[in-house]
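To start, the structure itself, in structure tokens.
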Amino acid sequence: MKESAYNVYLLDEKEKKGLVFNTMKRSIVQIDDEVYNLIKDNQIDKIDQDVLDVLTKGNIVVDNNLNELDILKIMFCRIKFSTSSIGFTIIPTHVCNLACTYCYQGHGDVLSETMSQDVIRKTVEFIKKSAGGRRSLGINFYGGEPLLYPEVIFQVLKEVKAFADEHEMQFSTTFTSNGTLFTQEIVDRLKDYNYEVQITLCGPRAVHDTIRVDKKGRGTYERLMDVISLFRENDVKFHIRVDVDLDNYDTITSLLEDLKKRGFEGTYMGFCPIGKDICYTEIERESSEIDPASLARLSKLAHDMGFKTNPIYIHNFVEGCSALIDGFLAIDPHGDVYKCIAAPNYQEHRIGTLDAEGNLTNMNYESYCAWTLRDPLHIKECRECKFSPICGGGCALAAYSKNGSLLSPGCKDEELGEIVRTFIMLRYPELFEGCSYETILL
Amino acid sequence: MKPSYYNCFFPFKTMYILFNSLRGAIFVVDEEVKTVLETGNLEALGDLEDGFKKSGIIVEDNLNEQDMYSMTYNGSKYNALSTSLHVITTYACNLSCVYCYEGKGELEHKVMDEKTSNRAIQFIKDLTDSYNSKALGIELFGGEPLLNMPINEGIVGDLSRWCEEGGLDFSVNAITNGTLCSEENVETLGQYGCSFLVTVDGPEKVHDQRRVYKNGKGTFRDIMEGLYRIRDNDLGTMIRINVDEGNKNDIVALFEELKGGGLDKVIISIKPVFNTSPACMSYGYCMPDVEGLGIVNELYAVARKMGFRAEEPERPTPQGACSAQRASYFTIDPHLRLFKCAILPPYEKNAVGVVNDEGRAVFNYVNVDFMSRDPVMLDECRKCRIVPVCRGGCPAEVYETQGTTHGYVCRKSGFYKMLEENLKRFVTNSM
């Protein structure tokens with residue numbers, strides 16, 4: 001047996017105890033100093049059989065013949081090439097009714113096209129042609145603000161849902177929306193479309209209303225509170241994304257308190273860092289990026305206050321980045337097709353364009369291959385990184401912006417160790433009794 | 001634009017057949033076009049440019065076609081719209097064929113019982129569910145599977161009902177030596193639409209020297225009786241013919257006999273006997289590479305001409321990964337061991353995992369080795385212009401001979417010859 005290349009050790013010097021987390025298998029095993037030293041000194045055969053069995057089951061130690069990079073390859077190919085479902089992000093418009101101060105898209109003023117009838121028709125045909133044989137079909141509406149053009153949305157939904165029903169595919173749809181335009185009428189019209197909405201908040205009213213503002217500078221907080229009430233009254237599935245940087249970090253507690261006071265506890269809250277990696281405009285806000293450990297503490301706080309949440313949001317986590325998946329494509333208002341929803345401002349990432357019959361033509365194969373094949377196996381640094389199985393090479397577009405190549409890591413240096421430490425400490429507090437965050441060493 | 005790396009030219013009368021092995025496109029071109037494509041001076045293509053562009057004869061300058069093939073190949077492994085398995089319900093066999101790679105049911109004779117078959121059924125359902133497949137295909141295999149009819153029926157009946165309830169397509173095929181196709185057995189499996197694959201190695205005289213009962217008696221007459229029963233029950237039949245040095249000249253006579261006997265609706269499947277399994281390496285009649293592939297090809301052509309359907313398509317086509325590398329494919333045996341190809345049991349070292357007492361599959365590194373194979377990562381194959389049709393050879397054969405699938409078996413000269421003949425035949429027939 002040999003030590004897995006994907007072990008992350010967390011050791012408490014004071015208490016002389018520790019544990020090992022395997023990023024490939026996502027297993028956690030408690031170990032003591034002795035076992036740790038035997039693993040590290042390559043004396044695995046001296047470990048007690050009982051302990052060894054547990055370590056083996058968790059893939060902490062693996063067969064000598066096993067090439068773990070091969071497993072990594074299989075894991076990513078499986079995610080990438082799964083054929084059971086297919087998903088499309090449709091950008092009906094780049095226009096937005098808000099002017100959030102940190103918008104990476106330049107609030108719909110840099111790109112400002114809206115889908116024509118012609119492009120809507122092509123898009124629907126393309127979806128029908130691509131989805132044949134799949135068991136489930138998902139549509140995400142993104143923007144700009146998609147609800148500025150509800151007729152585009154309902155036209156697409158009507159036709160695609162009918163197609164899915166006819167072919168016995170499960171159908172679902174999601175909206176990445178600022179939330180301000182949801183009304184009772186929209187909710188009523190959407191009721192047959194198995195949908196979920198994500199809306200975004202940036203802090204309590206006083207803070208949110210200086211950041212997420214309309215074109216005239218007016219805040220949107222109270223409007224969004226009405227929308228949340230509307231969702232709850234109508235049993236609409238929704239979750240709240242909270243964008244966080246150093247400036248609004250300290251105010252998030254009062255946001256949570258206010259939501260709770262309004263009776264919105266139980267709502268799913270996801271905390272995301274405001275980053276500048278993929279901005280293609282100068283943002284009007286001096287923002288300093290929040291560290292992952294602090295972000296994780298917000299999840300813990302939300303959890304303790306009775307909200308639903310994940311212990312941590314890892315930026316472009318393996319399961320989170322849809323651009324990894326071959327059966328996922330984004331269509332912009334021109335009918336241009338991309339692998340990444342944030343890429344339409346980069347012509348070099350366009351992988352093709354839809355023709356009148358809804359076929360993907362004028363392919364840029366270089367871009368298509370680069371996006372589709374991208375995984376940690378193709379990136380030198382990631383091949384040697386023990387966090388690859390959870391990080392997946394990080395955000396491809398961020399990597400491109402930073403390094404000029406998709407085949408480079410999109411992560412932030414030492415960040416992942418911190419994420420894993422926080423993740424485990426928050427999720428399994430009982431494993432760390434008597435220890436503090438600071439005494440646990442990676 | 002640039003000419004595709006995968007363009008292959010074969011002389012054809014005064015012209016050339018242009019075959020693109022990555023995309024499968026076939027054109028007949030003259031010397032001039034060939035020169036243009038070989039020199040890359042594409043402005044001279046004129047009207048041809050559009051068609052060549054659409055079919056991948058010329059490609060974008062920045063397209064790395066090896067990457068493109070890698071994507072197709074790896075993608076096909078996880079195309080799990082259907083789940084399929086060979087289920088070995090018994091290793092026992094009533095025959096003693098001279099070339100048996102499984103050791104004639106003597107090396108290994110375990111039989112699936114109700115307990116193990118129930119666990120196998122659970123594993124198959126879980127596998128199908130885990131890939132959200134729309135179809136399930138079962139191949140009953142052995143040994144001689146018809147020696148274990150109660151278990152066959154249990155498995156097929158259970159899975160067929162399960163598929164019906166879940167709205168999945170179900171299909172079943174029995175791979176049998178054909179000696180046990182009694183009215184009862186054929187009817188039992190026939191309820192589920194079962195088709196049959198029966199091996200016949202030549203006309204009576206030839207067949208009976210190879211495929212014999214344990215007492216040495218020939219099986220030809222009994223098999224023919226079985227084939228008629230299957231036909232009379234309106235069930236599909238494929239005749240598998242294993243061709244080697246010893247019977248290659250007798251196969252046409254078999255075709256004539258099948259046709260004369262009213263078995264002209266069967267599908268013909270011809271396999272050259274190569275040295276692929278340790279159990280058959282002692283058999284002295286295996287085909288040399290080039291000749292083996294050539295003979296198979298010629299025999300298919302004759303069969304088609306005589307009105308039979310052939311298992312292999314006439315048109316050469318690029319292929320993704322074979323079933324051995326498909327995530328939703330396994331062979332499962334009476335020990336509940338899992339293999340990635342039906343030619344790999346009964347050998348323990350070839351097993352990729354086992355279904356444990358809780359009905360869960362536990363895999364070993366051999367599974368990783370099979371699933372991660374990618375011919376494009378092998379220098380020789382990456383350079384090869386026909387790798388999309390050859391795929392670097394049979395992974396099981398590579399594994400048997402090299403201890404890992406991350407290698408290749410190259411029969412390039414035979415393959416080129418076969419490709420050339422197939423293309424000429426295809427082009428001639430479509431003209």
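Labeling convention for the structure tokens: chains A, B, ... as they appear, residues from 1 per chain, ligands from 1 in order of appearance.
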Item to complete: Extract the full set of alpha helix (DSSP H) residues from range 278-419 of chain B according to DSSP on the backbone, and format it as a VMD selection string.
Response: chain B and resid 289 to 305 365 to 372 379 to 383 387 to 390 395 to 402 412 to 419
Item to complete: Check range 272-356 of chain B with DSSP on the backbone and list each residue it calls strand (DSSP E), as a list in words.
Response: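 Matching residues, listed in order: Pro272, Arg309, Ala310, Tyr329, Phe330, Thr331, Ile332, Arg337, Leu338, Phe339, Gly353, Val354 and Val355 of chain B.
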May I have the selected residues written with C-alpha atoms, as a short mmCIF file (atom, residue, chain, number, x, y, z; two decimals), in the first residue's frame?
data_model
loop_
_atom_site.label_atom_id
_atom_site.label_comp_id
_atom_site.auth_asym_id
_atom_site.auth_seq_id
_atom_site.Cartn_x
_atom_site.Cartn_y
_atom_site.Cartn_z
CA PRO B 272 -10.90 -14.20 -36.58
CA ARG B 309 -27.18 -9.53 -43.12
CA ALA B 310 -23.70 -8.96 -41.69
CA TYR B 329 -21.03 -2.00 -19.19
CA PHE B 330 -19.88 -5.07 -17.22
CA THR B 331 -19.62 -8.81 -17.40
CA ILE B 332 -20.77 -10.35 -14.13
CA ARG B 337 -16.93 -10.73 -10.01
CA LEU B 338 -17.04 -7.95 -12.55
CA PHE B 339 -15.08 -7.82 -15.81
CA GLY B 353 -14.18 -5.67 -8.92
CA VAL B 354 -16.75 -7.74 -7.12
CA VAL B 355 -20.30 -7.23 -5.84
#
Which residues of chain A sit at most 10 Å from chain B, using only C-alpha atoms? Give each one's shortest atom pair and distance in Å (one decimal place), in chain and ascending residue order, as CSV.
residue,atom,partner,partner_atom,distance
A:Val62,CA,B:Tyr365,CA,9.4
A:Asp63,CA,B:Tyr365,CA,7.5
A:Asn64,CA,B:Tyr365,CA,9.3
A:Asn65,CA,B:Tyr365,CA,6.8
A:Leu66,CA,B:Tyr365,CA,5.2
A:Asn67,CA,B:Tyr365,CA,7.8
A:Glu68,CA,B:Val368,CA,8.6
A:Leu69,CA,B:Ser372,CA,9.1
A:Asp70,CA,B:Ser372,CA,5.5
A:Ile71,CA,B:Val368,CA,6.0
A:Leu72,CA,B:Ser372,CA,9.0
A:Lys73,CA,B:Ser372,CA,6.4
A:Ile74,CA,B:Ser372,CA,5.8
A:Met75,CA,B:Ser372,CA,9.6
A:Cys77,CA,B:Asn74,CA,6.6
A:Arg78,CA,B:Tyr78,CA,5.9
A:Ile79,CA,B:Tyr78,CA,8.7
A:Lys80,CA,B:Gly75,CA,7.7
A:Phe81,CA,B:Gly75,CA,5.0
A:Ser82,CA,B:Tyr78,CA,5.5
A:Thr83,CA,B:Asn79,CA,5.3
A:Ser84,CA,B:Asn132,CA,5.9
A:Ser85,CA,B:Asn132,CA,8.9
A:Gly133,CA,B:Leu81,CA,7.5
A:Arg134,CA,B:Leu81,CA,7.6
A:Arg135,CA,B:Asn132,CA,7.3
A:Ser136,CA,B:Asn132,CA,9.5
A:Glu168,CA,B:Gly167,CA,9.7
A:Asp326,CA,B:Gly75,CA,8.4
A:Thr361,CA,B:Lys54,CA,9.5
A:Asn362,CA,B:Glu60,CA,9.9
A:Met363,CA,B:Glu60,CA,8.7
A:Asn364,CA,B:Glu60,CA,7.7
A:Tyr365,CA,B:Leu63,CA,5.4
A:Glu366,CA,B:Leu63,CA,5.1
A:Ser367,CA,B:Leu63,CA,8.7
A:Tyr368,CA,B:Met68,CA,9.1
A:Cys369,CA,B:Met68,CA,6.5
A:Ala370,CA,B:Asp67,CA,8.7
A:Thr372,CA,B:Met71,CA,7.7
A:Leu373,CA,B:Met71,CA,6.8
Discussion item. When you look at Glu49 in chain B with a cut-off of 12 Å (counting only C-alpha atoms), what residues show up, excluding the ones that are within fewer than 3 positions of it in the same chain? I need them as number ranges by chain.
Written reply: B: 1-3, 33, 36-37, 41-46, 52-59
Could you turn the residues from that selection into a file that holds C-alpha atoms, as a PDB file, in the first residue's frame?
ATOM      1  CA  MET B   1      -7.961  26.106 -43.126  1.00  0.00           C
ATOM      2  CA  LYS B   2      -5.654  23.121 -43.347  1.00  0.00           C
ATOM      3  CA  PRO B   3      -6.045  19.537 -44.599  1.00  0.00           C
ATOM      4  CA  VAL B  33      -7.280  17.158 -55.611  1.00  0.00           C
ATOM      5  CA  VAL B  36      -3.833  19.883 -53.330  1.00  0.00           C
ATOM      6  CA  LEU B  37      -4.787  18.188 -50.061  1.00  0.00           C
ATOM      7  CA  ASN B  41      -2.425  24.663 -51.174  1.00  0.00           C
ATOM      8  CA  LEU B  42      -6.130  24.917 -50.462  1.00  0.00           C
ATOM      9  CA  GLU B  43      -7.002  27.943 -52.605  1.00  0.00           C
ATOM     10  CA  ALA B  44      -6.994  25.556 -55.548  1.00  0.00           C
ATOM     11  CA  LEU B  45      -9.942  23.619 -54.147  1.00  0.00           C
ATOM     12  CA  GLY B  46     -12.561  25.987 -55.570  1.00  0.00           C
ATOM     13  CA  PHE B  52     -14.690  19.403 -47.649  1.00  0.00           C
ATOM     14  CA  LYS B  53     -15.154  21.867 -44.831  1.00  0.00           C
ATOM     15  CA  LYS B  54     -18.473  20.364 -43.759  1.00  0.00           C
ATOM     16  CA  SER B  55     -17.125  16.831 -43.740  1.00  0.00           C
ATOM     17  CA  GLY B  56     -13.854  17.547 -41.993  1.00  0.00           C
ATOM     18  CA  ILE B  57     -11.525  16.925 -44.961  1.00  0.00           C
ATOM     19  CA  ILE B  58     -10.208  20.408 -44.344  1.00  0.00           C
ATOM     20  CA  VAL B  59     -10.321  21.895 -40.864  1.00  0.00           C
TER      21      VAL B  59
END
Item to complete: Compile the contact shell of Ile39 in chain A as a list in words: residues with an atom at most 12 Å away, counting only C-alpha atoms, same-chain residues fewer than 2 positions apart removed.
Response: Met1, Lys2, Glu3, Ser4, Ala5, Asn7, Tyr9, Val20, Ile31, Asp32, Asp33, Glu34, Val35, Tyr36, Asn37, Asp41, Asn42, Gln43, Ile44, Asp45, Lys46, Ile47, Asp48, Val51, Leu52, Leu55, Ile60, Val61 and Val62 of chain A
Produce a file of the selected residues containing C-alpha atoms, as a short mmCIF file (atom, residue, chain, number, x, y, z; two decimals), in the first residue's frame.
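Result saved to again.cif:
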data_model
loop_
_atom_site.label_atom_id
_atom_site.label_comp_id
_atom_site.auth_asym_id
_atom_site.auth_seq_id
_atom_site.Cartn_x
_atom_site.Cartn_y
_atom_site.Cartn_z
CA MET A 1 0.00 0.00 0.00
CA LYS A 2 1.04 3.60 -0.47
CA GLU A 3 -0.07 6.99 0.76
CA SER A 4 -2.72 8.62 -1.39
CA ALA A 5 -1.61 11.75 -3.18
CA ASN A 7 -4.58 13.48 1.62
CA TYR A 9 -3.79 16.41 7.14
CA VAL A 20 -6.94 13.22 7.42
CA ILE A 31 -5.60 9.51 13.17
CA ASP A 32 -3.04 9.90 15.92
CA ASP A 33 0.59 11.00 15.75
CA GLU A 34 1.85 7.47 15.46
CA VAL A 35 -0.25 6.59 12.44
CA TYR A 36 0.54 9.93 10.86
CA ASN A 37 4.26 9.31 11.23
CA ASP A 41 7.67 7.57 6.81
CA ASN A 42 6.33 5.15 4.24
CA GLN A 43 5.95 2.37 6.84
CA ILE A 44 2.33 1.64 6.13
CA ASP A 45 2.87 -2.11 6.66
CA LYS A 46 3.54 -1.38 10.36
CA ILE A 47 0.07 0.09 10.94
CA ASP A 48 -2.37 -2.13 12.87
CA VAL A 51 -6.62 0.90 11.49
CA LEU A 52 -5.28 0.00 8.07
CA LEU A 55 -7.54 3.90 6.08
CA ILE A 60 -6.15 7.33 2.66
CA VAL A 61 -3.79 4.55 1.65
CA VAL A 62 -4.16 2.94 -1.75
#
Worksheet entry | For CA of Val398 in chain B and CA of Thr128 in chain B, the interatomic separation in Å (one decimal) | 27.9 Å
Discussion item. Could you tell me how far CA of Ile88 in chain B sits from CA of Leu254 in chain B, in Å to one decimal place?
Written reply: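 Between CA of Leu254 in chain B and CA of Ile88 in chain B the gap is 28.7 Å.
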Discussion item. When you look at Glu13 in chain A with a cut-off of 8 Å (counting only C-alpha atoms), what residues show up, excluding the ones that are within fewer than 3 positions of it in the same chain? I need them as a list in words.
Written reply: Lys16, Lys17, Thr439, Ile440 and Leu441 of chain A
Could you write out the selected residues, including all heavy atoms, as a compact mmCIF listing (two decimals), in the first residue's frame?
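New file out03.txt:
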# COMPACT_ATOMS: atom_id res chain seq x y z
N LYS A 16 -2.50 16.76 20.46
CA LYS A 16 -1.88 15.56 19.87
C LYS A 16 -2.89 14.67 19.16
O LYS A 16 -2.93 13.46 19.34
CB LYS A 16 -1.14 14.74 20.95
CG LYS A 16 0.14 15.39 21.45
CD LYS A 16 1.29 15.14 20.50
CE LYS A 16 2.52 15.98 20.88
NZ LYS A 16 3.24 16.52 19.73
N LYS A 17 -3.80 15.31 18.46
CA LYS A 17 -4.70 14.48 17.66
C LYS A 17 -4.88 15.13 16.29
O LYS A 17 -4.46 16.27 16.08
CB LYS A 17 -6.05 14.31 18.36
CG LYS A 17 -6.87 15.57 18.50
CD LYS A 17 -8.18 15.22 19.18
CE LYS A 17 -9.04 16.47 19.34
NZ LYS A 17 -10.26 16.21 20.06
N THR A 439 -4.98 26.50 16.27
CA THR A 439 -4.02 25.45 16.65
C THR A 439 -4.03 24.27 15.68
O THR A 439 -3.16 23.41 15.72
CB THR A 439 -4.29 24.90 18.07
OG1 THR A 439 -5.58 24.29 18.08
CG2 THR A 439 -4.20 26.00 19.10
N ILE A 440 -5.05 24.24 14.82
CA ILE A 440 -5.09 23.16 13.83
C ILE A 440 -4.17 23.52 12.67
O ILE A 440 -4.38 24.52 11.99
CB ILE A 440 -6.51 22.97 13.28
CG1 ILE A 440 -7.50 22.68 14.39
CG2 ILE A 440 -6.55 21.87 12.23
CD1 ILE A 440 -7.39 21.32 14.98
N LEU A 441 -3.16 22.70 12.47
CA LEU A 441 -2.20 23.01 11.41
C LEU A 441 -2.46 22.15 10.19
O LEU A 441 -2.81 20.98 10.31
CB LEU A 441 -0.77 22.77 11.92
CG LEU A 441 -0.39 23.58 13.15
CD1 LEU A 441 1.03 23.26 13.56
CD2 LEU A 441 -0.54 25.08 12.89
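If only C-alpha atoms are the atoms counted, then among A:Thr173, A:Lys260, A:Tyr195, A:Val152 the closest residue to Asp118 in chain A is A:Val152.
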Fill in: Nearby residues (only C-alpha atoms) at most 7 Å from Gly219 in chain A, same-chain spacing under 3 positions excluded, as a PyMOL selection string
chain A and resi 209-210+212-214
Write out the residues from the selection above, keeping C-alpha atoms, as a CSV table (one decimal), in the first residue's frame.
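result_3.csv, written as the output of this step:
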chain,number,residue,atom,x,y,z
A,209,ASP,CA,-29.4,50.1,-1.1
A,210,THR,CA,-26.0,51.8,-1.8
A,212,ARG,CA,-27.7,47.2,-5.7
A,213,VAL,CA,-29.4,50.2,-7.1
A,214,ASP,CA,-31.5,51.0,-10.1
Discussion item. Which residues are close to range 405-416 of chain A, i.e. within 6 Å by only C-alpha atoms, leaving aside same-chain residues fewer than 6 positions away? Reply as a PyMOL selection string.
Written reply: chain A and resi 379+393-396+398-399
Emit the selected residues as a PDB file, in the first residue's frame, including all heavy atoms.
ATOM      1  N   ILE A 379      -3.578  20.431 -16.822  1.00  0.00           N
ATOM      2  CA  ILE A 379      -2.893  21.601 -16.272  1.00  0.00           C
ATOM      3  C   ILE A 379      -1.779  21.115 -15.354  1.00  0.00           C
ATOM      4  O   ILE A 379      -2.034  20.400 -14.386  1.00  0.00           O
ATOM      5  CB  ILE A 379      -3.891  22.490 -15.488  1.00  0.00           C
ATOM      6  CG1 ILE A 379      -5.028  22.924 -16.429  1.00  0.00           C
ATOM      7  CG2 ILE A 379      -3.187  23.687 -14.872  1.00  0.00           C
ATOM      8  CD1 ILE A 379      -6.215  23.543 -15.721  1.00  0.00           C
ATOM      9  N   GLY A 393      -9.435  22.624 -10.968  1.00  0.00           N
ATOM     10  CA  GLY A 393      -8.627  23.567 -11.755  1.00  0.00           C
ATOM     11  C   GLY A 393      -9.095  24.999 -11.601  1.00  0.00           C
ATOM     12  O   GLY A 393      -8.538  25.917 -12.179  1.00  0.00           O
ATOM     13  N   GLY A 394     -10.172  25.174 -10.813  1.00  0.00           N
ATOM     14  CA  GLY A 394     -10.656  26.533 -10.566  1.00  0.00           C
ATOM     15  C   GLY A 394     -11.423  27.100 -11.744  1.00  0.00           C
ATOM     16  O   GLY A 394     -11.706  26.407 -12.719  1.00  0.00           O
ATOM     17  N   CYS A 395     -11.744  28.364 -11.649  1.00  0.00           N
ATOM     18  CA  CYS A 395     -12.550  29.025 -12.679  1.00  0.00           C
ATOM     19  C   CYS A 395     -11.733  29.189 -13.960  1.00  0.00           C
ATOM     20  O   CYS A 395     -10.670  29.813 -13.965  1.00  0.00           O
ATOM     21  CB  CYS A 395     -13.010  30.384 -12.150  1.00  0.00           C
ATOM     22  SG  CYS A 395     -13.828  31.394 -13.399  1.00  0.00           S
ATOM     23  N   ALA A 396     -12.237  28.621 -15.051  1.00  0.00           N
ATOM     24  CA  ALA A 396     -11.501  28.649 -16.315  1.00  0.00           C
ATOM     25  C   ALA A 396     -11.367  30.072 -16.839  1.00  0.00           C
ATOM     26  O   ALA A 396     -10.307  30.474 -17.334  1.00  0.00           O
ATOM     27  CB  ALA A 396     -12.202  27.766 -17.344  1.00  0.00           C
ATOM     28  N   ALA A 398     -11.448  32.841 -15.130  1.00  0.00           N
ATOM     29  CA  ALA A 398     -10.518  33.587 -14.282  1.00  0.00           C
ATOM     30  C   ALA A 398      -9.075  33.234 -14.653  1.00  0.00           C
ATOM     31  O   ALA A 398      -8.203  34.110 -14.721  1.00  0.00           O
ATOM     32  CB  ALA A 398     -10.784  33.284 -12.811  1.00  0.00           C
ATOM     33  N   ALA A 399      -8.848  31.942 -14.910  1.00  0.00           N
ATOM     34  CA  ALA A 399      -7.505  31.503 -15.294  1.00  0.00           C
ATOM     35  C   ALA A 399      -7.088  32.190 -16.587  1.00  0.00           C
ATOM     36  O   ALA A 399      -5.958  32.671 -16.734  1.00  0.00           O
ATOM     37  CB  ALA A 399      -7.472  29.981 -15.473  1.00  0.00           C
TER      38      ALA A 399
END
Worksheet item: In Å, with one decimal, what is the gap from CA of Thr35 in chain B to CA of Asn429 in chain B?
Response: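 Between CA of Thr35 in chain B and CA of Asn429 in chain B the gap works out to 26.3 Å.
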Discussion item. Calculated over only C-alpha atoms, which of the candidates B:Lys349, B:Lys265, B:Lys340, B:Arg315 has the smallest distance to Leu423 in chain B?
Written reply: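 Among the listed residues, the smallest separation from Leu423 in chain B belongs to B:Arg315.
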